[in-house]
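*Asks:* First the structure, which I've put down as structure tokens, then a few questions once you've had a look.
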Amino acid sequence: MSVEVLLFIIFNGLLYGMFLFMLSSGLTLIFGMMGILNFAHASFFMIGAYLGYQISLYSSFWIAILLAPLLVGYIGAMVEKYGLRNVHKYGHIAELLFTFGLFYIIEEIVQMIWGKTPVAYKVPELLNFPLIQVSGMAYPAYSMFRLVLSVLIFIAIYRILAKTKTGLIIKASLTNPDMVAALGHNVPRVFSNVFGFGCGLAGLAGVMAGNVIGTEPSMALLLGPIVFVVVVTGGLGSIKGALVASIIIGLMQTAAVSLEFNLNNIFQYLGYNIDINSTLNYFTNITISQLSPIVPYLLLIIILIARPRGLFGKRDV
Amino acid sequence: MLKVKNLHSYYGKSHILQGIDLSINEGEIVSLLGRNGVGRSTFIKSIMGMVKSEGSVLLNNKEILGRPIHEIANLGIAYVSENRDIFPDLTVKENLELGKKENKYGIKWNLEELFDLFPNLKKRIDVPGGVLSGGEQQMLTICRSLMGCPKLIMIDEPTEGLSPQMVNNVEMLLKKISSKGVSILLVEQKLTIAFNLSNRLYVMGHGKVVYEGLPKQVKENKEIIKEWLEVS
């Protein structure tokens, strides 16, 4: 493997991993604290991308990156307060179905407002240039900005959880919300705030990534499932777990995409040649890069079988 | 300060408390006695707003039944559950920090005076609550609830499963709490402790109060002890 490929894997793996972290960190708190399997979490990411685009049109990307996550967070908190809280008494299945319905409602609303085709959401001019050139490969300034901002967000969340009373209340509510309430803390309000904060983080990820991966109505569907892989792999309620899992998945998937290696290569190395017209060749000819989309889900299945509480979780899924 | 009138509580369709009347005066220790399953813990949880209930619970003549748990706690009522319910991943210090509230109604407690009573907690201030012994966890939950400066503290089976030394410590702490003017509602299985500490006693059976009196009266009433309290 050349240095260029290794650098490509590390940089893009970290970038993709930190993007997954931004997308999933809110859900790990929501899932861990409230037990809500928010199927619509990635929809808030999509709303963030569209609001980022819309606000950028009227003002600038920099206003959008501040305003859109706040709006998404507020929408999220209202969904929790007026929707999920009422459904909560019917159990987690009802909550799941609620968020399932919400997912499709958001998708339809987005299509009604912005149409079915991608919108022209662009990278801000200020950061639209290659920042570093290594071995002929250019690393865009905007990607570096995303990476640095994601790291700062991780540090901020980690410090809030570790050093503030709000963090203590959130951590305690993960294990025993009734006792937290009996100590005088307004747990439903904490739940709303955490839900809104989680959605806001997903919205921020949308503003930051929508202009790179494309802002279109199917983006929530494409990214929805992988969020759960991060949450389960990292462990319910663990921000550190979400970070490590995101980076592992980011690096694994980027590495897999870069590897044009298949079983035929091994057979050739051992002195056997598989007939290209044989049925066996259909399988031995599959490259690791072709398998890359299933890598995270393979990890999910292995984690669920071997360690259901994830890497840093305190309780089983 | 606390007046409970005709309290009925339910778990789903099960009718657990069937019309309880009880009162606690300022600075009083009142014990709730009875065999397991008669509804003593449910009674405390109902006052805390944790169980669906009907009737009336007045705190200083203000109706609190039906209010959310945190509002009831913020009115000056503390609850120490039977399961201790410490937060196992948080340190002793963090557990205590969570109990802290503005001193709106009750008696202010100084952390150092609690540590004087339980030096072990001070020594283990940075240790996660989950690794403390059962007795230390009990101390921690009581101290945590005192950090909120309550007027009334409701304690469910504080001596269960503790060593005789720890039982003495709990008894000493309850006396100290009471001496500062905090009212205590105590659910206790050990009759000697209840008799020693309490100003008044209520005996429960089948979800109702079957007897109310002074410790001396209950102690001398062999019939009540035999029918409602003794475990054969």
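Identifiers in the structure tokens: chain A, B, ... in order shown; residue index from 1 per chain; ligand index from 1 in order shown.
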If we count only C-alpha atoms, which residues of chain B reach to within 6 Å of chain A? Please list them as a compact mmCIF listing (two decimals) with C-alpha atoms, in the first residue's frame.
*Replies:*
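Contents of iface-v6.txt, freshly written:
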```txt
# COMPACT_ATOMS: atom_id res chain seq x y z
CA ILE B 69 -42.19 14.21 41.06
CA HIS B 70 -39.60 16.98 40.77
CA ALA B 73 -39.23 17.15 45.74
CA ASN B 74 -38.67 20.88 45.34
CA GLY B 99 -28.89 16.12 45.58
```
*Asks:* Using DSSP on the backbone coordinates, identify all residues within region 11-201 of chain A classified as strand (DSSP E or B); present the result as a PyMOL selection string.
*Replies:* chain A and resi 119+130-134+137-140
*Asks:* Deliver the residues from the most recent selection as a file, using C-alpha atoms, as a tab-separated table (two decimals), in the first residue's frame.
*Replies:*
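Full text of part-v9.tsv as output:
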```
chain	number	residue	atom	x	y	z
A	119	VAL	CA	-30.65	21.53	-4.59
A	130	PRO	CA	-7.19	23.08	-1.62
A	131	LEU	CA	-5.46	23.69	1.68
A	132	ILE	CA	-2.70	21.09	1.54
A	133	GLN	CA	-1.16	19.08	-1.30
A	134	VAL	CA	0.46	15.80	-0.30
A	137	MET	CA	-3.43	14.76	-3.57
A	138	ALA	CA	-5.27	17.93	-2.57
A	139	TYR	CA	-7.00	18.26	0.79
A	140	PRO	CA	-9.75	20.92	0.64
```
*Asks:* Find the residues near region 1-17 of chain A: any atom within 9 Å, counting only C-alpha atoms, skip ones fewer than 6 places away on the same chain, and give them as a list in words.
*Replies:* Val134, Ser135, Gly136, Met137, Tyr139, Ser143, Met144, Arg146, Leu147, Ser150, Leu243, Val244, Ala245, Ser246, Ile247, Ile248, Ile249, Gly250, Leu251, Met252, Gln253, Thr254, Ala255, Val257 and Ser258 of chain A
*Asks:* Near region 152-167 of chain B, within 6 Å and counting only C-alpha atoms, which residues show up once chain neighbours fewer than 3 positions away are dropped, as a ChimeraX atom specification?
*Replies:* /B:77-82,135,170,182-188
*Asks:* Create the file for the chosen residues now, containing N, CA and C atoms and written as a PDB file, in the first residue's frame.
*Replies:*
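See result.pdb below for the written result:
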```pdb
ATOM      1  N   ILE B  77     -39.684  17.757  50.104  1.00  0.00           N
ATOM      2  CA  ILE B  77     -39.826  16.355  50.516  1.00  0.00           C
ATOM      3  C   ILE B  77     -38.706  15.536  49.884  1.00  0.00           C
ATOM      4  N   ALA B  78     -37.993  14.786  50.703  1.00  0.00           N
ATOM      5  CA  ALA B  78     -36.933  13.921  50.175  1.00  0.00           C
ATOM      6  C   ALA B  78     -37.358  12.468  50.306  1.00  0.00           C
ATOM      7  N   TYR B  79     -36.874  11.643  49.375  1.00  0.00           N
ATOM      8  CA  TYR B  79     -37.262  10.235  49.360  1.00  0.00           C
ATOM      9  C   TYR B  79     -36.004   9.366  49.269  1.00  0.00           C
ATOM     10  N   VAL B  80     -35.876   8.450  50.218  1.00  0.00           N
ATOM     11  CA  VAL B  80     -34.770   7.489  50.173  1.00  0.00           C
ATOM     12  C   VAL B  80     -35.397   6.123  49.937  1.00  0.00           C
ATOM     13  N   SER B  81     -35.133   5.573  48.760  1.00  0.00           N
ATOM     14  CA  SER B  81     -35.860   4.350  48.394  1.00  0.00           C
ATOM     15  C   SER B  81     -35.232   3.116  49.032  1.00  0.00           C
ATOM     16  N   GLU B  82     -36.022   2.074  49.042  1.00  0.00           N
ATOM     17  CA  GLU B  82     -35.627   0.787  49.594  1.00  0.00           C
ATOM     18  C   GLU B  82     -34.382   0.234  48.867  1.00  0.00           C
ATOM     19  N   GLY B 135     -23.908  -0.676  53.268  1.00  0.00           N
ATOM     20  CA  GLY B 135     -24.071   0.319  54.333  1.00  0.00           C
ATOM     21  C   GLY B 135     -23.648   1.704  53.876  1.00  0.00           C
ATOM     22  N   VAL B 170     -27.066   4.198  61.194  1.00  0.00           N
ATOM     23  CA  VAL B 170     -28.288   4.733  60.581  1.00  0.00           C
ATOM     24  C   VAL B 170     -29.176   5.336  61.663  1.00  0.00           C
ATOM     25  N   VAL B 182     -36.051  18.244  61.209  1.00  0.00           N
ATOM     26  CA  VAL B 182     -36.592  17.642  59.979  1.00  0.00           C
ATOM     27  C   VAL B 182     -37.551  16.522  60.372  1.00  0.00           C
ATOM     28  N   SER B 183     -38.719  16.495  59.743  1.00  0.00           N
ATOM     29  CA  SER B 183     -39.668  15.411  60.011  1.00  0.00           C
ATOM     30  C   SER B 183     -39.226  14.163  59.248  1.00  0.00           C
ATOM     31  N   ILE B 184     -39.523  13.012  59.846  1.00  0.00           N
ATOM     32  CA  ILE B 184     -39.124  11.758  59.184  1.00  0.00           C
ATOM     33  C   ILE B 184     -40.324  10.813  59.124  1.00  0.00           C
ATOM     34  N   LEU B 185     -40.552  10.267  57.921  1.00  0.00           N
ATOM     35  CA  LEU B 185     -41.510   9.174  57.781  1.00  0.00           C
ATOM     36  C   LEU B 185     -40.676   7.937  57.502  1.00  0.00           C
ATOM     37  N   LEU B 186     -40.722   7.002  58.430  1.00  0.00           N
ATOM     38  CA  LEU B 186     -39.831   5.854  58.368  1.00  0.00           C
ATOM     39  C   LEU B 186     -40.628   4.573  58.118  1.00  0.00           C
ATOM     40  N   VAL B 187     -40.240   3.858  57.082  1.00  0.00           N
ATOM     41  CA  VAL B 187     -40.801   2.523  56.877  1.00  0.00           C
ATOM     42  C   VAL B 187     -39.762   1.558  57.408  1.00  0.00           C
ATOM     43  N   GLU B 188     -40.133   0.791  58.431  1.00  0.00           N
ATOM     44  CA  GLU B 188     -39.117  -0.041  59.076  1.00  0.00           C
ATOM     45  C   GLU B 188     -39.708  -1.398  59.453  1.00  0.00           C
TER      46      GLU B 188
END
```
*Asks:* Closest to Pro293 (chain A) among A:Arg309, A:Ile55, A:Ile226, A:Phe197, using only C-alpha atoms?
*Replies:*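 Between A:Arg309, A:Ile55, A:Ile226, A:Phe197, the residue approaching Pro293 (chain A) most closely is A:Ile226.
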*Asks:* Using DSSP on the backbone, list every residue of region 46-197 of chain B that comes out as alpha helix (DSSP H), and give them as a ChimeraX atom specification.
*Replies:* /B:46-48,69-74,92-99,111-117,119-123,134-146,164-179,191-197
*Asks:* Find the residues around region 86-91 of chain B up to 6 Å (only C-alpha atoms counted), leave out those fewer than 3 positions away in its own chain, and share them as number ranges by chain.
*Replies:* B: 94, 126-130
*Asks:* Would you save the residues of that selection, restricted to C-alpha atoms, as a short mmCIF file (atom, residue, chain, number, x, y, z; two decimals), in the first residue's frame?
*Replies:*
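Output contents, as saved in part27.cif:
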```
data_model
loop_
_atom_site.label_atom_id
_atom_site.label_comp_id
_atom_site.auth_asym_id
_atom_site.auth_seq_id
_atom_site.Cartn_x
_atom_site.Cartn_y
_atom_site.Cartn_z
CA GLU B 94 -21.19 13.58 42.06
CA ASP B 126 -13.95 10.13 44.40
CA VAL B 127 -14.98 6.48 44.24
CA PRO B 128 -17.92 5.44 42.02
CA GLY B 129 -21.05 4.85 44.08
CA GLY B 130 -21.41 1.35 42.64
#
```
*Asks:* Could you check how far CA of Ser60 (chain A) sits from CA of Val207 (chain A), in Å to one decimal?
*Replies:* 11.9 Å
